[in-house]
Amino acid sequence: MSHPDYRLNLRSLGTPRGVSSLVGPHGVGASPGDKKSKNKNTRGKKKSIFETYMSKEDVSEGLKRGTLIQGVLRINPKKFHEAFIPSPDGDRDIFIDGVVARNRALNGDLVVVKLLPEEQWKVIKPESNDKETEGAYESDLPEELCGSHLLQQSLKACNDSPDVIIEAQFDDSDSEDGHGNTPNSLVDGVKKLSVCVHEKGEEGAGAPVTKDENTLMSQDARASPEKSLQRSAKVVYILEKKHSRAATGFLKLLADKNSELFRKYALFSPSDHRVPRIYVPLKDCPQDFVTRPKDYANTLFICRIVDWKEDSNFALGQLAKSLGQAGEIEPETEGILTEYGVDFSDFPSEVLECLPHGLPWTIPPEEFRKRRDLRKDCIFTIDPSTARDLDDALSCKSLADGNFEVGVHIADVSYFVPEGSSLDSVAAERATSVYLVQKVVPMLPRLLCEELCSLNPMTDKLTFSVIWTLTPRGKLKLAFTLDRETGLPQGCHIYEYRDSNKLVEEFMLLANMAVAREIHRAFPERALLRRHPPPQTKMLNDLMEFCEQLGLPMDFSSAGALNKSLTETFGDDKYSLARKEVLTNMCSRPMQMALYFCAGTLRDPAQFRHYALNVPLYTHFTSPIRRFADVMVHRLLAAALGYREPPDMEPNVLQKRADHCNDRRMASKRVQELSTGLFFAILVKESGPLESEAMVLGVLNQAFDVLVLRYGVQKRIYCNALPLRSHHFQKVGKKPELTLVWEPEDLEQEPVQQVVTIFSLVEVVLRAEATALKYSAVLKRPGTEGLLDPQEKQGCDHHSDQRED
């Protein structure tokens, strides 16, 4: 739950809730890059670095004509000069090369781009690894297709595993139903948390950017038929600044002590290298910062960008708060939440006033006249004993004709969240609960989550119920129950669905499908649904060729066929499960994100489909305590059943709400991953170095990615962090190979050669670096027993700034 000291402040600047002021709010003054602003015609005026944004009118016209393209910007966290937006036709992503072409847009922003002339497109050589050029692709592969539980059996099978795994709380935001939690799956989010200049070899991450061999634009290269092109573009407009503009990082003095800027500004260096460095007024900094800067060398601050001029490499910002020492859990956690715009403040009194005060609360008599009374039925939840917010339950009873009546019962949260109330506004803004390793940031107050709506044993509660009549073989009828006067809607169709080992998941999915069909029948223009587009064509075709070359009998004709292939191709020993996890990871790369949408904003019903579930209509109905989308769906369902008035919002307004739910869901997912990564990095520092077998899941030109089997984390290993004599990358068909030639330990010995390909088994060592926020992975030398000391890395400590300006 939220910490009592998290208070609101700096709201006038749009600072996310939960951030408090370091000192009183100050005006930020003129931009450092705008020294000549009083006389813009002077000869000393600075030359613009970035292009002026196009006008709204020109952007609108360009989008209509198709001369401009819009999309969400993704910046590669490992090569921060590379950025991408999805191609509207599902082909290879559109490439945006460098900070100048990005034109002050940040990761996650909705941008408009203009394609560059073909001679400036990116050249992709066949011997390079396409997956590297598609960097930072974030997919949303639902767990019912390829679950994140795949490694659990192999992890448990390692009897020699140290008992050091942190048990994280998860809302399972990849799953389409909220069940099947995997508390021991640790996600490597350290790439985002790093406050160090990346080690030598992380191209573009810690040094000025130069064109690599894949981006050479010579005519000779273009004339060669064996090379392909990737469309390149530049940002001309930011439609929506979805990035919070907040960042955590470190303060330092400017280098030139004699400059005018030195007397007015300090330099803020964000931990996330995708965010620019920021000038902050010295009056916002601690009073003794100028005289004692080293005292703050390891202090983590929060800064918010307030402006970024065309003539400056650096943005202008305001320091919001000192968090504490870098590498400590609470300061780092607060920083993560702030960067992703998560409101973790206490619920204000006007919100709590919306809830009933007299406890225990009892159901008003008028509700019994509107609802079916199921209190005499045997209704149960399937949850751990520690669960406190029980929003779903099941029931099953035999009927006289030999059939069974099976019910899914979901807490009626919308009853306690009146539309238009303060509680409704806060819940709509938060949009989702956020699950960290050590705590939960709830969407709704605890009183509602744990008392009023939680389906606790032996208490009367309000629910929405979906009830099926099934034959003993599990087949045909469906009925809704809510209102006696209205009657039960008829004609709902149950879609044939794949076998499932998860009882709860199966029925929750079916309930979501049934509700989707009902609200779309009643409100075809205003139904809030959830769609999952098919995979990106180019990446999927490459993957199919790769699997064919390896002799893997994978069927990519549908999501169900792919899931069946993954299940049947591999055995159940830990290495087979690891190979399954690697291939699942590869299958996730072409996948697009599942999205909430309003039915009235899409004219083609084919776009409504959910690819992973292979159904025409789907929504989220089963978790209203932690997802606001479900609350909106409950309101639509209540209206469809005659229980309340239909919603009066237009489709475009509902779509904006859907977009916000999508944004907050993705932010929640990233926060969850980073929280887990933070804890694992600290674990490595406290318990490391840690040795484990690992399986290679991706091979690049000068590095390769591994799945560390004992801990379930993914990590990149760089060739120049190893004592190698040489290394060589090549592609054999679609199969990338990296040959490592190790320096012999003894001069009389011959060099050892090691070939790294996807599915290779290797021995790795995880070691903490300068701070608890960063840990690296290196290979053990083939044939050795002890830990391998990695080569000394060149570069500076984590406060250095050898980055692209």
# chains A, B, ... in the order shown; residues from 1 in each chain; ligands from 1
>>> select_by_dssp(residues="range 318-400 of chain A", states="strand (DSSP E or B)", output="NGL selection string")
:A and (318-325 or 379-380 or 392-398)
>>> write_last_selection(atoms="N, CA and C atoms", output="tab-separated table (two decimals), in the first residue's frame")
chain	number	residue	atom	x	y	z
A	318	GLN	N	12.98	20.64	-13.80
A	318	GLN	CA	12.88	21.09	-12.41
A	318	GLN	C	13.09	19.89	-11.50
A	319	LEU	N	13.96	20.06	-10.52
A	319	LEU	CA	14.22	19.01	-9.56
A	319	LEU	C	13.02	18.89	-8.64
A	320	ALA	N	12.52	17.68	-8.48
A	320	ALA	CA	11.30	17.48	-7.70
A	320	ALA	C	11.58	16.98	-6.30
A	321	LYS	N	12.53	16.04	-6.17
A	321	LYS	CA	12.69	15.41	-4.86
A	321	LYS	C	14.01	14.67	-4.79
A	322	SER	N	14.58	14.62	-3.59
A	322	SER	CA	15.69	13.73	-3.30
A	322	SER	C	15.11	12.44	-2.74
A	323	LEU	N	15.43	11.32	-3.40
A	323	LEU	CA	14.83	10.04	-3.01
A	323	LEU	C	15.60	9.33	-1.91
A	324	GLY	N	16.92	9.49	-1.92
A	324	GLY	CA	17.75	8.75	-0.97
A	324	GLY	C	18.92	8.14	-1.70
A	325	GLN	N	19.53	7.15	-1.09
A	325	GLN	CA	20.74	6.54	-1.65
A	325	GLN	C	20.40	5.57	-2.78
A	379	ILE	N	-20.76	-21.86	-3.36
A	379	ILE	CA	-19.92	-21.00	-4.20
A	379	ILE	C	-18.58	-20.84	-3.50
A	380	PHE	N	-17.50	-21.00	-4.26
A	380	PHE	CA	-16.18	-21.05	-3.64
A	380	PHE	C	-15.16	-20.26	-4.47
A	392	ASP	N	-13.33	-13.04	-7.68
A	392	ASP	CA	-14.00	-14.03	-8.52
A	392	ASP	C	-14.24	-15.31	-7.74
A	393	ALA	N	-15.32	-16.00	-8.07
A	393	ALA	CA	-15.66	-17.27	-7.43
A	393	ALA	C	-16.32	-18.18	-8.46
A	394	LEU	N	-16.40	-19.46	-8.13
A	394	LEU	CA	-16.98	-20.47	-9.01
A	394	LEU	C	-18.05	-21.25	-8.27
A	395	SER	N	-18.94	-21.87	-9.03
A	395	SER	CA	-19.92	-22.79	-8.45
A	395	SER	C	-20.20	-23.91	-9.44
A	396	CYS	N	-20.62	-25.04	-8.93
A	396	CYS	CA	-20.97	-26.18	-9.79
A	396	CYS	C	-21.96	-27.05	-9.03
A	397	LYS	N	-23.10	-27.33	-9.64
A	397	LYS	CA	-24.05	-28.24	-8.99
A	397	LYS	C	-24.71	-29.12	-10.04
A	398	SER	N	-25.04	-30.34	-9.63
A	398	SER	CA	-25.67	-31.29	-10.56
A	398	SER	C	-27.17	-31.01	-10.63
>>> select_by_dssp(residues="range 546-613 of chain A", states="helix (DSSP H, G or I)", output="number ranges by chain")
A: 546-550, 559-569, 574-588, 599-601, 605-608
>>> atom_distance(atom1="CA of Ala703 in chain A", atom2="CA of Phe546 in chain A")
19.4 Å
>>> residues_around(residues="Arg716 in chain A", least_positions_apart="5", cutoff="8 Å", atoms="only C-alpha atoms", output="PyMOL selection string")
chain A and resi 703-706+777
>>> write_last_selection(atoms="N, CA and C atoms", output="CSV table (one decimal), in the first residue's frame")
chain,number,residue,atom,x,y,z
A,703,ALA,N,27.4,-9.9,-29.3
A,703,ALA,CA,26.8,-10.3,-28.0
A,703,ALA,C,25.8,-11.4,-28.2
A,704,PHE,N,25.3,-12.0,-27.1
A,704,PHE,CA,24.3,-12.9,-27.2
A,704,PHE,C,23.5,-12.9,-25.9
A,705,ASP,N,22.2,-13.2,-26.0
A,705,ASP,CA,21.3,-13.2,-24.8
A,705,ASP,C,21.1,-14.7,-24.3
A,706,VAL,N,21.0,-14.8,-23.0
A,706,VAL,CA,20.9,-16.1,-22.4
A,706,VAL,C,19.7,-16.1,-21.4
A,777,ALA,N,26.6,-10.5,-16.6
A,777,ALA,CA,26.7,-11.9,-16.9
A,777,ALA,C,28.0,-12.1,-17.7
>>> closest_atom_pairs(of="range 589-691 of chain A", to="range 763-772 of chain A", cutoff="10 Å", atoms="only C-alpha atoms", output="CSV")
residue,atom,partner,partner_atom,distance
A:Leu678,CA,A:Ala772,CA,8.0
A:Phe679,CA,A:Ala772,CA,9.0
A:Phe680,CA,A:Ala772,CA,9.2
A:Ala681,CA,A:Ala772,CA,5.8
A:Ile682,CA,A:Ala772,CA,5.0
A:Leu683,CA,A:Ala772,CA,8.3
A:Val684,CA,A:Ala768,CA,5.8
A:Lys685,CA,A:Ala768,CA,4.8
A:Glu686,CA,A:Ala768,CA,8.5
A:Ser687,CA,A:Ala768,CA,9.4
A:Gly688,CA,A:Arg767,CA,6.0
A:Pro689,CA,A:Arg767,CA,4.7
A:Leu690,CA,A:Leu766,CA,5.1
A:Glu691,CA,A:Val765,CA,4.6
>>> residues_around(residues="Ser454 in chain A", least_positions_apart="6", cutoff="7 Å", atoms="only C-alpha atoms", output="PyMOL selection string")
chain A and resi 389-391+411
>>> residues_around(residues="range 227-242 of chain A", least_positions_apart="3", cutoff="9 Å", atoms="only C-alpha atoms", output="ChimeraX atom specification")
/A:51-56,59,68,70,84,92-97,100-118,120-126,221-224,245,663
>>> write_last_selection(atoms="C-alpha atoms", output="PDB file, in the first residue's frame")
ATOM      1  CA  GLU A  51      13.428  20.693 -36.617  1.00  0.00           C
ATOM      2  CA  THR A  52      10.406  22.820 -35.761  1.00  0.00           C
ATOM      3  CA  TYR A  53       7.314  20.659 -35.384  1.00  0.00           C
ATOM      4  CA  MET A  54       4.772  20.724 -38.192  1.00  0.00           C
ATOM      5  CA  SER A  55       1.464  22.507 -37.605  1.00  0.00           C
ATOM      6  CA  LYS A  56      -1.552  20.522 -36.436  1.00  0.00           C
ATOM      7  CA  VAL A  59      -0.147  16.909 -39.655  1.00  0.00           C
ATOM      8  CA  LEU A  68       2.729  10.919 -42.726  1.00  0.00           C
ATOM      9  CA  GLN A  70       1.684   7.820 -36.703  1.00  0.00           C
ATOM     10  CA  PHE A  84      11.241   2.424 -34.037  1.00  0.00           C
ATOM     11  CA  ARG A  92       9.189  -4.485 -40.646  1.00  0.00           C
ATOM     12  CA  ASP A  93       9.218  -1.613 -38.129  1.00  0.00           C
ATOM     13  CA  ILE A  94      10.079   1.876 -39.345  1.00  0.00           C
ATOM     14  CA  PHE A  95      13.552   2.917 -38.162  1.00  0.00           C
ATOM     15  CA  ILE A  96      14.349   6.303 -36.589  1.00  0.00           C
ATOM     16  CA  ASP A  97      18.096   6.839 -36.427  1.00  0.00           C
ATOM     17  CA  VAL A 100      18.010  14.456 -33.957  1.00  0.00           C
ATOM     18  CA  ALA A 101      15.638  12.335 -36.051  1.00  0.00           C
ATOM     19  CA  ARG A 102      13.678  11.575 -32.872  1.00  0.00           C
ATOM     20  CA  ASN A 103      13.121  15.327 -32.486  1.00  0.00           C
ATOM     21  CA  ARG A 104      12.696  15.481 -28.697  1.00  0.00           C
ATOM     22  CA  ALA A 105      10.152  12.656 -28.495  1.00  0.00           C
ATOM     23  CA  LEU A 106      10.576  10.195 -25.623  1.00  0.00           C
ATOM     24  CA  ASN A 107       9.908   6.499 -25.259  1.00  0.00           C
ATOM     25  CA  GLY A 108       6.198   5.679 -25.450  1.00  0.00           C
ATOM     26  CA  ASP A 109       5.136   8.973 -27.039  1.00  0.00           C
ATOM     27  CA  LEU A 110       2.561   8.864 -29.825  1.00  0.00           C
ATOM     28  CA  VAL A 111       4.436  10.502 -32.693  1.00  0.00           C
ATOM     29  CA  VAL A 112       3.958  11.414 -36.341  1.00  0.00           C
ATOM     30  CA  VAL A 113       6.834  10.599 -38.683  1.00  0.00           C
ATOM     31  CA  LYS A 114       7.761  11.396 -42.252  1.00  0.00           C
ATOM     32  CA  LEU A 115       9.597   8.792 -44.302  1.00  0.00           C
ATOM     33  CA  LEU A 116      13.077   9.781 -45.454  1.00  0.00           C
ATOM     34  CA  PRO A 117      14.164   9.402 -49.105  1.00  0.00           C
ATOM     35  CA  GLU A 118      15.006   5.816 -50.012  1.00  0.00           C
ATOM     36  CA  GLN A 120      18.638   7.244 -46.490  1.00  0.00           C
ATOM     37  CA  TRP A 121      16.911   3.994 -45.548  1.00  0.00           C
ATOM     38  CA  LYS A 122      18.719   1.468 -43.410  1.00  0.00           C
ATOM     39  CA  VAL A 123      20.676  -1.243 -45.189  1.00  0.00           C
ATOM     40  CA  ILE A 124      20.370  -4.660 -43.574  1.00  0.00           C
ATOM     41  CA  LYS A 125      23.012  -7.165 -44.571  1.00  0.00           C
ATOM     42  CA  PRO A 126      22.062 -10.835 -44.577  1.00  0.00           C
ATOM     43  CA  ALA A 221      25.596  -1.334 -50.904  1.00  0.00           C
ATOM     44  CA  ARG A 222      22.192  -0.532 -52.374  1.00  0.00           C
ATOM     45  CA  ALA A 223      23.003  -2.115 -55.680  1.00  0.00           C
ATOM     46  CA  SER A 224      23.797  -5.435 -54.049  1.00  0.00           C
ATOM     47  CA  ARG A 245       8.745  13.377 -18.542  1.00  0.00           C
ATOM     48  CA  ASP A 663      -1.218   3.071 -21.387  1.00  0.00           C
TER      49      ASP A 663
END
>>> closest_residue(among="A:Val342, A:Leu503, A:Cys661, A:Ala606", to="Ala629 in chain A", atoms="only C-alpha atoms")
A:Cys661
>>> residues_around(residues="Glu525 in chain A", least_positions_apart="4", cutoff="8 Å", atoms="only C-alpha atoms", output="VMD selection string")
chain A and resid 520 598 to 601 651
>>> atom_distance(atom1="CA of Lys574 in chain A", atom2="CA of Phe759 in chain A")
12.8 Å
>>> residues_around(residues="Phe729 in chain A", least_positions_apart="3", cutoff="9 Å", atoms="only C-alpha atoms", output="MDAnalysis selection string")
chainID A and resid 127:128 699:702 736:739
>>> write_last_selection(atoms="all heavy atoms", output="mmCIF file, in the first residue's frame")
data_model
loop_
_atom_site.group_PDB
_atom_site.id
_atom_site.type_symbol
_atom_site.label_atom_id
_atom_site.label_comp_id
_atom_site.auth_asym_id
_atom_site.auth_seq_id
_atom_site.Cartn_x
_atom_site.Cartn_y
_atom_site.Cartn_z
ATOM 1 N N GLU A 127 24.167 -11.067 -43.380
ATOM 2 C CA GLU A 127 24.997 -11.688 -42.347
ATOM 3 C C GLU A 127 24.814 -11.039 -40.988
ATOM 4 O O GLU A 127 25.350 -11.484 -39.994
ATOM 5 C CB GLU A 127 26.481 -11.636 -42.738
ATOM 6 C CG GLU A 127 27.075 -10.235 -42.825
ATOM 7 C CD GLU A 127 26.957 -9.668 -44.242
ATOM 8 O OE1 GLU A 127 26.139 -10.174 -45.024
ATOM 9 O OE2 GLU A 127 27.689 -8.713 -44.552
ATOM 10 N N SER A 128 24.046 -9.946 -40.937
ATOM 11 C CA SER A 128 23.755 -9.341 -39.633
ATOM 12 C C SER A 128 22.506 -9.981 -39.066
ATOM 13 O O SER A 128 21.792 -10.700 -39.738
ATOM 14 C CB SER A 128 23.552 -7.830 -39.781
ATOM 15 O OG SER A 128 22.337 -7.568 -40.452
ATOM 16 N N VAL A 699 21.306 -14.461 -30.671
ATOM 17 C CA VAL A 699 22.711 -14.237 -31.018
ATOM 18 C C VAL A 699 22.813 -12.985 -31.868
ATOM 19 O O VAL A 699 22.129 -12.857 -32.894
ATOM 20 C CB VAL A 699 23.293 -15.447 -31.783
ATOM 21 C CG1 VAL A 699 24.750 -15.196 -32.156
ATOM 22 C CG2 VAL A 699 23.169 -16.722 -30.946
ATOM 23 N N LEU A 700 23.652 -12.051 -31.433
ATOM 24 C CA LEU A 700 23.862 -10.784 -32.126
ATOM 25 C C LEU A 700 25.290 -10.734 -32.663
ATOM 26 O O LEU A 700 26.060 -11.682 -32.528
ATOM 27 C CB LEU A 700 23.602 -9.617 -31.180
ATOM 28 C CG LEU A 700 22.277 -9.665 -30.408
ATOM 29 C CD1 LEU A 700 22.177 -8.484 -29.462
ATOM 30 C CD2 LEU A 700 21.102 -9.666 -31.368
ATOM 31 N N ASN A 701 25.653 -9.590 -33.272
ATOM 32 C CA ASN A 701 26.973 -9.465 -33.879
ATOM 33 C C ASN A 701 28.108 -9.587 -32.871
ATOM 34 O O ASN A 701 29.130 -10.228 -33.129
ATOM 35 C CB ASN A 701 27.106 -8.108 -34.585
ATOM 36 C CG ASN A 701 26.184 -8.014 -35.782
ATOM 37 O OD1 ASN A 701 25.436 -8.937 -36.066
ATOM 38 N ND2 ASN A 701 26.242 -6.904 -36.478
ATOM 39 N N GLN A 702 27.937 -8.946 -31.704
ATOM 40 C CA GLN A 702 29.009 -8.903 -30.719
ATOM 41 C C GLN A 702 28.534 -9.268 -29.321
ATOM 42 O O GLN A 702 29.190 -8.947 -28.331
ATOM 43 C CB GLN A 702 29.640 -7.501 -30.686
ATOM 44 C CG GLN A 702 30.198 -7.060 -32.037
ATOM 45 C CD GLN A 702 30.895 -5.727 -31.944
ATOM 46 O OE1 GLN A 702 31.745 -5.523 -31.081
ATOM 47 N NE2 GLN A 702 30.533 -4.808 -32.820
ATOM 48 N N PRO A 736 21.740 -17.653 -36.761
ATOM 49 C CA PRO A 736 22.925 -16.877 -36.432
ATOM 50 C C PRO A 736 23.907 -17.681 -35.578
ATOM 51 O O PRO A 736 23.503 -18.459 -34.716
ATOM 52 C CB PRO A 736 22.353 -15.692 -35.632
ATOM 53 C CG PRO A 736 21.113 -16.233 -35.012
ATOM 54 C CD PRO A 736 20.568 -17.280 -35.949
ATOM 55 N N GLU A 737 25.199 -17.506 -35.836
ATOM 56 C CA GLU A 737 26.244 -18.193 -35.075
ATOM 57 C C GLU A 737 27.317 -17.193 -34.683
ATOM 58 O O GLU A 737 27.690 -16.320 -35.453
ATOM 59 C CB GLU A 737 26.890 -19.309 -35.908
ATOM 60 C CG GLU A 737 25.996 -20.502 -36.158
ATOM 61 C CD GLU A 737 26.745 -21.630 -36.878
ATOM 62 O OE1 GLU A 737 27.905 -21.398 -37.281
ATOM 63 O OE2 GLU A 737 26.172 -22.723 -37.031
ATOM 64 N N LEU A 738 27.807 -17.327 -33.456
ATOM 65 C CA LEU A 738 28.895 -16.497 -32.966
ATOM 66 C C LEU A 738 30.005 -17.423 -32.483
ATOM 67 O O LEU A 738 29.805 -18.213 -31.559
ATOM 68 C CB LEU A 738 28.393 -15.600 -31.808
ATOM 69 C CG LEU A 738 29.312 -14.491 -31.330
ATOM 70 C CD1 LEU A 738 29.645 -13.515 -32.444
ATOM 71 C CD2 LEU A 738 28.654 -13.741 -30.169
ATOM 72 N N THR A 739 31.163 -17.340 -33.143
ATOM 73 C CA THR A 739 32.295 -18.191 -32.779
ATOM 74 C C THR A 739 33.240 -17.412 -31.869
ATOM 75 O O THR A 739 33.715 -16.336 -32.235
ATOM 76 C CB THR A 739 33.048 -18.661 -34.034
ATOM 77 O OG1 THR A 739 32.141 -19.375 -34.879
ATOM 78 C CG2 THR A 739 34.208 -19.572 -33.657
#
>>> closest_residue(among="A:Thr386, A:Gln655, A:Thr362, A:Ser776", to="Cys453 in chain A", atoms="only C-alpha atoms")
A:Thr362
>>> atom_distance(atom1="CA of Asp295 in chain A", atom2="CA of Leu254 in chain A")
16.0 Å
